[in-house]
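Trainee: As input, take work-v7.cif (mmCIF, C-alpha atoms):
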data_model
#
loop_
_atom_site.label_atom_id
_atom_site.label_comp_id
_atom_site.auth_asym_id
_atom_site.auth_seq_id
_atom_site.Cartn_x
_atom_site.Cartn_y
_atom_site.Cartn_z
CA MET A 52 -16.68 12.77 -14.77
CA LYS A 53 -18.04 12.34 -18.24
CA LYS A 54 -21.69 12.76 -17.30
CA LYS A 55 -23.26 15.37 -15.06
CA ASN A 56 -22.13 15.19 -11.47
CA SER A 57 -25.39 14.22 -9.82
CA ALA A 58 -24.85 12.95 -6.31
CA LEU A 59 -26.14 9.48 -7.08
CA ALA A 60 -23.88 9.05 -10.11
CA VAL A 61 -20.91 10.28 -8.10
CA PHE A 62 -21.67 7.64 -5.50
CA LEU A 63 -22.40 4.75 -7.84
CA GLN A 64 -19.70 5.17 -10.47
CA PRO A 65 -16.76 4.18 -8.27
CA ILE A 66 -18.56 1.10 -7.01
CA TRP A 67 -18.77 -0.61 -10.38
CA SER A 68 -17.80 1.14 -13.61
CA GLU A 69 -14.96 3.21 -12.13
CA ASN A 70 -13.99 0.83 -9.36
CA PRO A 71 -10.72 2.09 -7.86
CA ILE A 72 -9.10 -1.33 -7.60
CA ASN A 73 -10.43 -3.30 -10.56
CA ILE A 74 -10.59 -0.55 -13.18
CA GLN A 75 -8.39 2.33 -12.11
CA MET A 76 -5.76 0.03 -10.57
CA LEU A 77 -5.33 2.28 -7.55
CA GLY A 78 -4.79 1.39 -3.96
CA ILE A 79 -3.80 -2.21 -4.37
CA CYS A 80 -0.85 -1.56 -2.08
CA SER A 81 -2.61 -1.81 1.20
CA ALA A 82 -5.57 -3.76 -0.10
CA LEU A 83 -4.31 -7.29 -0.26
CA ALA A 84 -2.37 -7.87 2.90
CA VAL A 85 -5.42 -7.49 5.10
CA THR A 86 -7.61 -9.90 3.17
CA VAL A 87 -6.71 -13.14 4.91
CA GLN A 88 -9.71 -12.72 7.20
CA LEU A 89 -13.07 -11.05 6.62
CA LYS A 90 -12.91 -9.25 9.95
CA THR A 91 -9.72 -7.34 9.21
CA ALA A 92 -10.83 -6.61 5.66
CA PHE A 93 -14.10 -5.21 6.95
CA VAL A 94 -12.43 -2.93 9.48
CA MET A 95 -9.92 -1.84 6.86
CA ALA A 96 -12.70 -1.00 4.41
CA LEU A 97 -14.50 1.08 7.03
CA SER A 98 -11.32 2.94 8.01
CA MET A 99 -10.52 3.61 4.40
CA THR A 100 -14.02 4.97 3.70
CA PHE A 101 -13.82 7.20 6.75
CA VAL A 102 -10.42 8.64 5.83
CA LEU A 103 -11.32 9.00 2.18
CA SER A 104 -14.63 10.79 2.66
CA CYS A 105 -13.49 13.07 5.50
CA SER A 106 -10.23 14.09 3.85
CA SER A 107 -11.97 14.70 0.52
CA PHE A 108 -14.49 16.88 2.34
CA ILE A 109 -11.84 18.96 4.13
CA ILE A 110 -9.60 19.30 1.08
CA SER A 111 -12.58 20.37 -0.96
CA LEU A 112 -13.49 22.99 1.66
CA LEU A 113 -9.95 24.33 1.48
CA ARG A 114 -9.60 24.03 -2.27
CA LYS A 115 -9.69 27.77 -2.92
CA GLN A 116 -7.22 28.54 -0.13
CA ILE A 117 -4.55 25.93 -0.87
CA PRO A 118 -1.72 27.39 -2.99
CA LYS A 119 -1.13 25.22 -6.05
CA ASN A 120 2.55 24.46 -5.53
CA ILE A 121 2.33 23.19 -1.96
CA ARG A 122 -0.96 21.35 -2.35
CA ILE A 123 0.59 17.88 -2.08
CA ILE A 124 1.96 18.51 1.38
CA VAL A 125 -1.30 20.13 2.52
CA GLU A 126 -3.23 17.13 1.25
CA LEU A 127 -0.82 14.75 2.94
CA SER A 128 -1.22 16.49 6.28
CA VAL A 129 -5.03 16.46 6.09
CA ILE A 130 -4.97 12.77 5.20
CA SER A 131 -2.47 11.84 7.90
CA THR A 132 -4.55 13.64 10.50
CA PHE A 133 -7.52 11.42 9.74
CA VAL A 134 -5.32 8.34 9.59
CA ILE A 135 -3.93 9.13 13.03
CA LEU A 136 -7.48 9.55 14.34
CA THR A 137 -8.48 6.20 12.88
CA ASP A 138 -5.42 4.47 14.25
CA GLU A 139 -5.91 5.85 17.75
CA PHE A 140 -9.58 4.88 17.64
CA LEU A 141 -8.81 1.32 16.57
CA ARG A 142 -6.15 0.98 19.21
CA ALA A 143 -8.51 2.18 21.92
CA PHE A 144 -11.59 0.16 20.99
CA LEU A 145 -10.53 -2.71 18.73
CA TYR A 146 -7.08 -3.53 20.02
CA ASP A 147 -6.83 -7.08 18.63
CA ILE A 148 -7.78 -6.04 15.14
CA SER A 149 -5.46 -3.06 15.22
CA LYS A 150 -2.62 -5.45 16.09
CA GLN A 151 -3.49 -7.59 13.09
CA LEU A 152 -3.77 -4.65 10.75
CA SER A 153 -0.41 -3.43 12.13
CA VAL A 154 1.18 -1.02 9.69
CA PHE A 155 -1.55 -1.15 7.11
CA VAL A 156 -3.75 1.47 8.75
CA GLY A 157 -0.81 3.87 8.57
CA LEU A 158 -0.31 2.99 4.95
CA ILE A 159 -3.69 4.50 4.08
CA ILE A 160 -1.72 7.77 3.91
CA THR A 161 0.21 6.65 0.87
CA ASN A 162 -2.71 4.79 -0.63
CA CYS A 163 -3.02 6.05 -4.18
CA ILE A 164 -6.82 6.20 -3.95
CA VAL A 165 -6.82 8.91 -1.30
CA MET A 166 -4.29 11.10 -3.08
CA GLY A 167 -5.86 10.34 -6.42
CA ARG A 168 -9.35 11.38 -5.33
CA ALA A 169 -8.02 14.48 -3.61
CA GLU A 170 -6.14 15.53 -6.73
CA SER A 171 -8.67 14.62 -9.36
CA PHE A 172 -11.97 15.21 -7.62
CA ALA A 173 -11.86 17.14 -4.35
CA LEU A 174 -9.78 20.00 -5.76
CA SER A 175 -12.36 20.80 -8.40
CA ASN A 176 -15.70 19.95 -6.81
CA PRO A 177 -17.82 21.28 -3.92
CA PRO A 178 -17.52 19.67 -0.46
CA HIS A 179 -20.75 17.67 -0.38
CA LEU A 180 -20.02 16.00 -3.74
CA SER A 181 -16.44 15.27 -2.64
CA PHE A 182 -17.73 13.66 0.51
CA ILE A 183 -20.07 11.45 -1.51
CA ASP A 184 -17.28 10.67 -3.94
CA GLY A 185 -15.15 9.58 -1.00
CA LEU A 186 -17.95 7.36 0.29
CA GLY A 187 -18.41 5.81 -3.14
CA ASN A 188 -14.75 5.12 -3.65
CA GLY A 189 -14.50 3.72 -0.15
CA ALA A 190 -17.42 1.42 -0.91
CA GLY A 191 -15.90 0.36 -4.21
CA TYR A 192 -12.57 -0.35 -2.55
CA GLY A 193 -14.25 -2.07 0.37
CA SER A 194 -16.42 -4.33 -1.79
CA VAL A 195 -13.39 -5.71 -3.62
CA LEU A 196 -11.52 -6.10 -0.35
CA ILE A 197 -14.41 -7.95 1.28
CA LEU A 198 -14.94 -10.16 -1.76
CA VAL A 199 -11.27 -11.20 -1.80
CA ALA A 200 -11.30 -11.78 1.95
CA PHE A 201 -14.51 -13.81 1.67
CA LEU A 202 -12.94 -16.15 -0.89
CA ARG A 203 -9.66 -16.44 0.99
CA GLU A 204 -11.16 -17.11 4.40
CA LEU A 205 -13.77 -19.51 3.06
CA LEU A 206 -11.40 -21.57 0.94
CA GLY A 207 -8.33 -21.19 3.13
CA ALA A 208 -9.75 -21.72 6.60
CA GLY A 209 -13.33 -22.86 6.04
CA LYS A 210 -14.52 -19.93 8.15
CA LEU A 211 -16.35 -16.63 7.77
CA PHE A 212 -15.76 -13.91 10.34
CA GLY A 213 -13.87 -16.52 12.37
CA ILE A 214 -16.87 -18.90 12.56
CA GLN A 215 -16.57 -22.28 10.90
CA VAL A 216 -19.01 -22.58 8.00
CA VAL A 217 -17.77 -25.67 6.20
CA PRO A 218 -19.55 -28.50 8.06
CA ASP A 219 -17.57 -31.32 9.62
CA PHE A 220 -18.98 -34.08 7.41
CA VAL A 221 -17.47 -32.36 4.40
CA TYR A 222 -14.05 -32.57 6.05
CA SER A 223 -14.54 -36.18 7.03
CA SER A 224 -15.41 -37.04 3.44
CA GLY A 225 -11.96 -35.93 2.40
CA TYR A 226 -12.22 -32.14 1.79
CA GLU A 227 -9.28 -30.11 2.98
CA ASN A 228 -8.70 -26.39 3.46
CA SER A 229 -6.39 -24.95 0.87
CA GLY A 230 -3.50 -23.45 2.82
CA PHE A 231 -2.39 -21.73 -0.35
CA MET A 232 -5.31 -19.29 -0.06
CA LEU A 233 -3.80 -17.90 3.12
CA LEU A 234 -0.50 -17.04 1.46
CA ALA A 235 0.28 -13.84 -0.38
CA PRO A 236 0.31 -15.22 -3.95
CA ALA A 237 -3.36 -16.24 -3.73
CA ALA A 238 -4.42 -12.62 -3.23
CA PHE A 239 -2.65 -11.54 -6.41
CA ILE A 240 -4.25 -14.33 -8.38
CA ILE A 241 -7.76 -13.67 -7.02
CA ILE A 242 -7.50 -9.96 -7.88
CA GLY A 243 -6.30 -10.89 -11.37
CA MET A 244 -9.32 -13.17 -11.79
CA LEU A 245 -11.73 -10.50 -10.50
CA VAL A 246 -10.37 -7.96 -12.98
CA TRP A 247 -10.82 -10.49 -15.73
CA LEU A 248 -14.36 -11.29 -14.61
CA GLN A 249 -15.39 -7.65 -14.47
CA LYS A 250 -13.96 -6.94 -17.91
CA VAL A 251 -15.82 -9.87 -19.39
CA LEU A 252 -19.08 -8.87 -17.69
CA THR A 253 -18.89 -5.27 -18.88
CA LYS A 254 -17.86 -6.23 -22.40
CA GLY A 255 -19.59 -4.21 -25.09
CA LYS A 256 -21.23 -1.74 -22.74
CA MET B 505 25.09 -10.62 15.48
CA PRO B 506 26.48 -10.69 11.91
CA GLY B 507 24.31 -13.77 11.37
CA ASP B 508 21.23 -11.77 12.46
CA LEU B 509 22.06 -9.02 10.04
CA ILE B 510 22.53 -11.47 7.19
CA SER B 511 19.23 -13.18 7.86
CA ILE B 512 17.41 -9.83 8.08
CA PHE B 513 18.95 -8.96 4.74
CA LEU B 514 18.06 -12.25 3.07
CA ASN B 515 14.57 -12.20 4.51
CA SER B 516 13.89 -8.67 3.29
CA VAL B 517 15.09 -9.56 -0.21
CA PHE B 518 13.38 -12.93 -0.64
CA ALA B 519 10.81 -14.43 1.72
CA GLY B 520 9.69 -11.12 3.24
CA ASN B 521 9.87 -9.27 -0.05
CA ILE B 522 8.17 -5.95 0.46
CA LEU B 523 6.27 -6.24 -2.79
CA LEU B 524 5.52 -9.92 -3.15
CA ALA B 525 4.81 -10.79 0.47
CA TYR B 526 3.42 -7.50 1.81
CA PHE B 527 1.96 -6.02 -1.39
CA LEU B 528 3.64 -2.66 -0.88
CA GLY B 529 4.53 -0.46 -3.83
CA MET B 530 2.02 -2.17 -6.11
CA CYS B 531 0.80 1.02 -7.78
CA SER B 532 4.10 2.05 -9.28
CA PHE B 533 4.94 -1.60 -9.83
CA VAL B 534 1.99 -2.08 -12.18
CA ALA B 535 2.41 1.30 -13.86
CA VAL B 536 6.15 1.26 -14.46
CA SER B 537 6.92 -2.39 -15.21
CA LYS B 538 6.05 -2.00 -18.89
CA ASN B 539 9.58 -1.04 -19.86
CA ILE B 540 12.74 -2.63 -18.54
CA ASN B 541 14.90 0.51 -18.56
CA THR B 542 12.46 2.59 -16.57
CA ALA B 543 12.04 -0.35 -14.21
CA ILE B 544 15.79 -0.40 -13.56
CA GLY B 545 15.82 3.38 -13.03
CA LEU B 546 12.93 3.29 -10.59
CA GLY B 547 14.46 0.28 -8.84
CA PHE B 548 17.70 2.12 -8.14
CA ALA B 549 15.80 5.19 -6.98
CA VAL B 550 13.79 3.07 -4.53
CA ILE B 551 16.93 1.40 -3.15
CA PHE B 552 18.53 4.79 -2.70
CA VAL B 553 15.59 6.46 -0.99
CA LEU B 554 14.92 3.44 1.25
CA SER B 555 18.53 3.19 2.40
CA VAL B 556 18.48 6.88 3.34
CA THR B 557 15.01 7.31 4.84
CA THR B 558 14.77 4.13 6.91
CA PRO B 559 17.80 4.88 9.17
CA LEU B 560 16.79 8.55 9.26
CA ASN B 561 13.31 7.66 10.42
CA TRP B 562 14.87 5.31 12.98
CA LEU B 563 16.80 8.22 14.46
CA ILE B 564 13.71 10.42 14.48
CA TYR B 565 11.56 7.76 16.06
CA HIS B 566 14.03 6.78 18.75
CA TYR B 567 15.21 10.27 19.66
CA LEU B 568 11.99 12.26 19.26
CA LEU B 569 8.85 10.17 19.15
CA ALA B 570 9.12 6.88 21.04
CA PRO B 571 7.77 6.74 24.61
CA GLY B 572 10.41 8.33 26.83
CA ALA B 573 12.55 9.37 23.87
CA LEU B 574 12.53 13.02 24.90
CA LEU B 575 14.41 12.24 28.09
CA TRP B 576 17.33 14.29 26.80
CA LEU B 577 15.07 17.37 26.68
CA GLY B 578 13.75 16.71 30.17
CA PHE B 579 10.38 15.14 29.29
CA PRO B 580 10.76 11.51 30.40
CA ASN B 581 7.02 10.73 30.29
CA LEU B 582 6.15 12.11 26.90
CA ASP B 583 4.89 9.65 24.27
CA LEU B 584 4.65 11.17 20.82
CA SER B 585 4.59 7.90 18.90
CA PHE B 586 1.13 8.69 17.48
CA LEU B 587 2.84 11.37 15.41
CA LYS B 588 4.95 8.82 13.58
CA PHE B 589 2.77 8.67 10.46
CA ILE B 590 2.86 12.37 9.77
CA MET B 591 6.52 12.66 10.76
CA PHE B 592 7.66 9.77 8.56
CA ILE B 593 5.78 10.96 5.53
CA ALA B 594 7.17 14.46 5.96
CA VAL B 595 10.70 13.09 6.25
CA ILE B 596 10.21 10.97 3.16
CA ALA B 597 8.79 13.83 1.11
CA ALA B 598 11.54 16.19 2.24
CA MET B 599 14.31 13.64 1.64
CA VAL B 600 13.02 12.90 -1.84
CA GLN B 601 13.06 16.62 -2.65
CA ALA B 602 16.54 17.04 -1.19
CA ILE B 603 17.94 14.03 -3.03
CA GLU B 604 16.43 15.33 -6.25
CA MET B 605 18.13 18.70 -5.79
CA VAL B 606 21.50 17.17 -4.91
CA ILE B 607 21.44 14.84 -7.90
CA ASP B 608 20.38 17.69 -10.16
CA ARG B 609 23.30 19.79 -8.94
CA PHE B 610 26.05 17.20 -9.12
CA SER B 611 25.26 14.70 -11.82
CA ALA B 612 23.27 15.55 -14.90
CA ALA B 613 23.52 11.99 -16.21
CA LEU B 614 22.16 10.47 -13.01
CA TYR B 615 19.44 13.12 -12.88
CA ALA B 616 18.34 12.29 -16.39
CA GLY B 617 18.07 8.64 -15.35
CA LEU B 618 16.62 8.93 -11.86
CA GLY B 619 15.17 12.43 -11.65
CA VAL B 620 11.80 11.72 -13.18
CA PHE B 621 11.18 8.85 -10.78
CA LEU B 622 11.94 10.64 -7.56
CA PRO B 623 8.63 12.53 -7.21
CA LEU B 624 6.78 9.26 -7.82
CA ILE B 625 8.59 7.69 -4.92
CA ALA B 626 7.31 10.08 -2.27
CA VAL B 627 3.90 8.44 -2.47
CA ASN B 628 5.18 4.90 -2.97
CA CYS B 629 3.69 2.82 -0.16
CA ALA B 630 6.83 0.71 0.06
CA ILE B 631 8.87 3.57 1.49
CA LEU B 632 6.47 4.42 4.30
CA GLY B 633 5.76 0.73 4.83
CA VAL B 634 9.40 -0.12 5.43
CA SER B 635 9.72 2.68 7.98
CA LEU B 636 6.62 1.49 9.82
CA PHE B 637 7.75 -2.15 9.79
CA MET B 638 11.09 -1.01 11.18
CA VAL B 639 9.28 0.47 14.20
CA GLU B 640 6.92 -2.51 14.49
CA ARG B 641 9.78 -5.01 14.61
CA ASN B 642 12.02 -3.08 17.00
CA TYR B 643 15.09 -3.09 14.80
CA THR B 644 18.33 -1.52 15.96
CA PHE B 645 19.93 1.25 13.92
CA LEU B 646 22.21 -1.10 11.99
CA GLU B 647 19.40 -3.56 11.39
CA SER B 648 17.15 -0.82 10.05
CA LEU B 649 19.89 0.23 7.63
CA ILE B 650 20.27 -3.33 6.35
CA TYR B 651 16.51 -3.80 6.25
CA GLY B 652 15.99 -0.62 4.23
CA PHE B 653 18.63 -1.57 1.70
CA GLY B 654 17.48 -5.18 1.45
CA SER B 655 13.86 -4.21 0.91
CA GLY B 656 14.86 -1.83 -1.85
CA LEU B 657 16.90 -4.56 -3.51
CA GLY B 658 14.02 -7.01 -3.25
CA TRP B 659 11.62 -4.47 -4.75
CA MET B 660 14.00 -3.78 -7.61
CA MET B 661 14.44 -7.50 -8.35
CA ALA B 662 10.69 -7.96 -8.44
CA ILE B 663 10.02 -5.02 -10.75
CA ILE B 664 12.85 -5.88 -13.14
CA SER B 665 11.77 -9.49 -13.45
CA MET B 666 8.20 -8.32 -13.98
CA ALA B 667 9.29 -5.93 -16.73
CA ALA B 668 11.20 -8.76 -18.39
CA ILE B 669 8.17 -11.05 -18.20
CA ARG B 670 5.85 -8.37 -19.58
CA ILE B 671 8.03 -7.96 -22.66
CA LYS B 672 7.40 -11.63 -23.43
CA LEU B 673 3.72 -11.27 -22.55
CA LYS B 674 3.30 -8.74 -25.35
CA TYR B 675 3.52 -11.64 -27.79
CA ALA B 676 1.12 -13.81 -25.84
CA ASN B 677 -2.51 -14.08 -26.84
CA PRO B 678 -4.61 -14.16 -23.65
CA PRO B 679 -8.41 -14.54 -23.60
CA TYR B 680 -10.53 -11.38 -23.74
CA GLY B 681 -10.34 -9.21 -20.64
CA LEU B 682 -7.28 -10.85 -19.19
CA GLU B 683 -4.67 -8.88 -21.10
CA GLY B 684 -2.82 -6.09 -19.30
CA TYR B 685 -3.70 -5.59 -15.67
CA GLY B 686 -5.39 -8.93 -14.93
CA LEU B 687 -2.60 -10.98 -16.40
CA THR B 688 0.02 -8.86 -14.64
CA MET B 689 -1.59 -9.61 -11.29
CA ILE B 690 -1.74 -13.34 -11.96
CA VAL B 691 1.88 -13.44 -13.11
CA THR B 692 2.85 -11.47 -10.00
CA GLY B 693 1.09 -14.14 -7.97
CA LEU B 694 3.14 -16.85 -9.62
CA MET B 695 6.30 -14.86 -9.00
CA ALA B 696 5.34 -14.41 -5.36
CA MET B 697 5.03 -18.19 -5.08
CA ALA B 698 8.58 -18.59 -6.32
CA PHE B 699 9.89 -16.04 -3.83
CA MET B 700 8.00 -17.75 -1.05
CA LEU B 701 10.11 -20.85 -1.46
CA PHE B 702 12.95 -18.96 0.19
CA SER B 703 11.08 -18.70 3.47
CA GLY B 704 12.60 -20.55 6.38
CA MET B 705 16.08 -19.93 5.06
CA THR B 706 18.37 -19.23 8.01
CA VAL B 707 22.03 -18.43 8.33
#
Using structure tokens, write down the structure from this file.
Mentor:
Amino acid sequence: MKKKNSALAVFLQPIWSENPINIQMLGICSALAVTVQLKTAFVMALSMTFVLSCSSFIISLLRKQIPKNIRIIVELSVISTFVILTDEFLRAFLYDISKQLSVFVGLIITNCIVMGRAESFALSNPPHLSFIDGLGNGAGYGSVLILVAFLRELLGAGKLFGIQVVPDFVYSSGYENSGFMLLAPAAFIIIGMLVWLQKVLTKGK
Amino acid sequence: MPGDLISIFLNSVFAGNILLAYFLGMCSFVAVSKNINTAIGLGFAVIFVLSVTTPLNWLIYHYLLAPGALLWLGFPNLDLSFLKFIMFIAVIAAMVQAIEMVIDRFSAALYAGLGVFLPLIAVNCAILGVSLFMVERNYTFLESLIYGFGSGLGWMMAIISMAAIRIKLKYANPPYGLEGYGLTMIVTGLMAMAFMLFSGMTV
């Protein structure tokens, strides 16, 4: 936004320096509940990226046609169309995961990132850049999601993608899984720590 | 039956708190919890909108969208439940607009207090989330009414306590980078732990 909108910058900015979750504080709503396991977090990140990039693309195509005062409802219907597509796809091909994600796929509609990008980027930029912006934001969102899920599944269940990674001799020497990591409060605390970490790392830049 | 209703209510306020256990409505929670008066205003607006839209969406789902719901129109095999996302969000947006107009017309004082928050609520994930959970958990009409109200109350309790805590946090001196957002998330985590202690409570 501050610099020139080259495609690469548009893609990279949201992954680190403008990360939607850690810096812009958007989209936390649906982010945390799916992070108990890596698998669900991964599918959620992919769905989010798909919805975000496609809806940004379409909204950007329509940006000159959409009347200003009804733009919110137009944006919402474009977004919900893609969310319905995603939901039907998951239910047809990944039924187990779609059961675990339950309402959270639907909640992509009200995810602040999607609306936020549509309002602040897609409405004022050409389609291909909006698509890339959607991809970048999806990747930024997804990387935080996957990082949180990685920590929670590893520390809470000793597994990654459902496969046990903490070897048995560690358990027999007295190590125990921390059940706390599987509960909701842990997600809040991990996100808080990540925000802290990123702020310290980018200090003075 | 009354016992069921009471436990749905208690669960939606405490152990199944829509914010602290399901992370819904975080965006406005972080943005608005800086000031206790606005937190109270937004809290009441959320309770109000939830208690209206959840039963309304129940009616729409069970008489228009659910598999076989269009029996009364002569289409017993029609399943429109995939339309629920778009339908619910339209109902919520329309209801929020309607409520805003009604309040504006009849009570200037209430409008001054609540009016500014209503547009924010249309995109609050908690509202859509509650409607979707209501479908997911097969609640009856009465249960969905209680669930909507209880969730709103739980959300309001969480945001008001957060606003109160953040006033105290202003005088704290956290390490670099933790102030503001990071600290808010960690404190929310601690609050969520406290609310979790209510789980398993039955009537």
Trainee: Determine which residues of chain A sit within 7 Å of chain B, taking into account only C-alpha atoms, and present them as an NGL selection string.
Mentor: :A and (77-81 or 83-84 or 128 or 131 or 135 or 154 or 157-158 or 161-162 or 235-237 or 239-240 or 242-244 or 246-247 or 250-251)
Trainee: On this file, the PyMOL selection byres ((chain B and resi 539-541) around 10) gives some set of residues; write that set as a list in words.
Mentor: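 Applying the PyMOL selection byres ((chain B and resi 539-541) around 10) to the structure shown produces Ala535, Val536, Ser537, Lys538, Thr542, Ala543, Ile544, Gly545, Leu546, Gly547, Gly617, Ile663, Ile664, Ser665, Met666, Ala667, Ala668, Ile669, Arg670 and Ile671 of chain B.
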Trainee: Just say which residues the PyMOL selection byres ((chain A and resi 56-61) around 10) picks in this file, as a compact mmCIF listing (two decimals) with C-alpha atoms, in the frame of the given file.
Mentor:
# COMPACT_ATOMS: atom_id res chain seq x y z
CA MET A 52 -16.68 12.77 -14.77
CA LYS A 53 -18.04 12.34 -18.24
CA LYS A 54 -21.69 12.76 -17.30
CA LYS A 55 -23.26 15.37 -15.06
CA PHE A 62 -21.67 7.64 -5.50
CA LEU A 63 -22.40 4.75 -7.84
CA GLN A 64 -19.70 5.17 -10.47
CA PRO A 65 -16.76 4.18 -8.27
CA ILE A 66 -18.56 1.10 -7.01
CA ASN A 176 -15.70 19.95 -6.81
CA HIS A 179 -20.75 17.67 -0.38
CA LEU A 180 -20.02 16.00 -3.74
CA SER A 181 -16.44 15.27 -2.64
CA PHE A 182 -17.73 13.66 0.51
CA ILE A 183 -20.07 11.45 -1.51
CA ASP A 184 -17.28 10.67 -3.94
CA GLY A 185 -15.15 9.58 -1.00
CA LEU A 186 -17.95 7.36 0.29
CA GLY A 187 -18.41 5.81 -3.14
CA ASN A 188 -14.75 5.12 -3.65
Trainee: Spell out the residues picked by the PyMOL selection byres ((chain A and resi 232) around 12) here, as a PyMOL selection string.
Mentor: (chain A and resi 86-88+199-209+227-231+233-241) or (chain B and resi 693+697)
Trainee: Give the centre and edge lengths of an axis-aligned box, in Å to one decimal, that holds all listed atoms of segment 649-657 of chain B with 6 Å on each side, as AutoDock Vina command-line options.
Mentor:
--center_x 17.1 --center_y -2.5 --center_z 2.1 --size_x 18.4 --size_y 17.4 --size_z 23.1
Trainee: If you count only C-alpha atoms, which residues fall within 12 Å of Pro559 of chain B, apart from same-chain ones fewer than 2 positions away, as a ChimeraX atom specification?
Mentor: /B:552-557,561-566,592,595-596,631,634-636,638-639,643-653
Trainee: Please tell me which residues are no farther than 10 Å from (-6.0, -9.5, 12.3) in the file, counting only C-alpha atoms, and write them as a ChimeraX atom specification.
Mentor: /A:85-92,94,146-153
Trainee: For a quick check of understanding, using all atoms listed in the file, which of A:Tyr192, A:Tyr226, A:Phe220, A:Phe172 has the smallest distance to Ile110 of chain A?
Mentor: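 Of A:Tyr192, A:Tyr226, A:Phe220, A:Phe172, the one nearest Ile110 of chain A, counting all atoms listed in the file, is A:Phe172.
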Trainee: Can you measure atom CA of Ile164 of chain A to atom CA of Pro71 of chain A for me? One decimal in Å is fine.
Mentor: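 Atom CA of Pro71 of chain A lies at a distance of 6.9 Å from atom CA of Ile164 of chain A.
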Trainee: Suppose you want the space between atom CA of Leu582 of chain B and atom CA of Leu569 of chain B; what is it in Å?
Mentor: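 Interatomic distance here is 8.4 Å.
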Trainee: Could you work out how far atom CA of Phe518 of chain B lies from atom CA of Ala96 of chain A, giving the answer in Å with one decimal?
Mentor: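 Going from atom CA of Ala96 of chain A over to atom CA of Phe518 of chain B covers 29.1 Å.
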Trainee: Tell me which of A:Phe108, A:Val102, A:Val216, A:Ser171 sits closest to Val134 of chain A, counting only C-alpha atoms.
Mentor: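 Among the listed residues, A:Val102 lies closest to Val134 of chain A.
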Trainee: Which residue, B:Leu577, B:Met599, B:Ala519, B:Ala676, has the smallest gap to Thr558 of chain B when you use only C-alpha atoms?
Mentor: B:Met599
Trainee: Would you mind telling me which residue in A:Ala190, A:Leu211, A:Val221, A:Leu174 lies nearest to Gln116 of chain A when using only C-alpha atoms?
Mentor: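 Looking at the shortest contact to Gln116 of chain A, the residue is A:Leu174.
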Trainee: Given the choices A:Met95, A:Ser107, A:Arg168, A:Val195, which gets closest to Ile72 of chain A if the distance is worked out from all atoms listed in the file?
Mentor: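 Ranked by minimum distance to Ile72 of chain A, first place goes to A:Val195.
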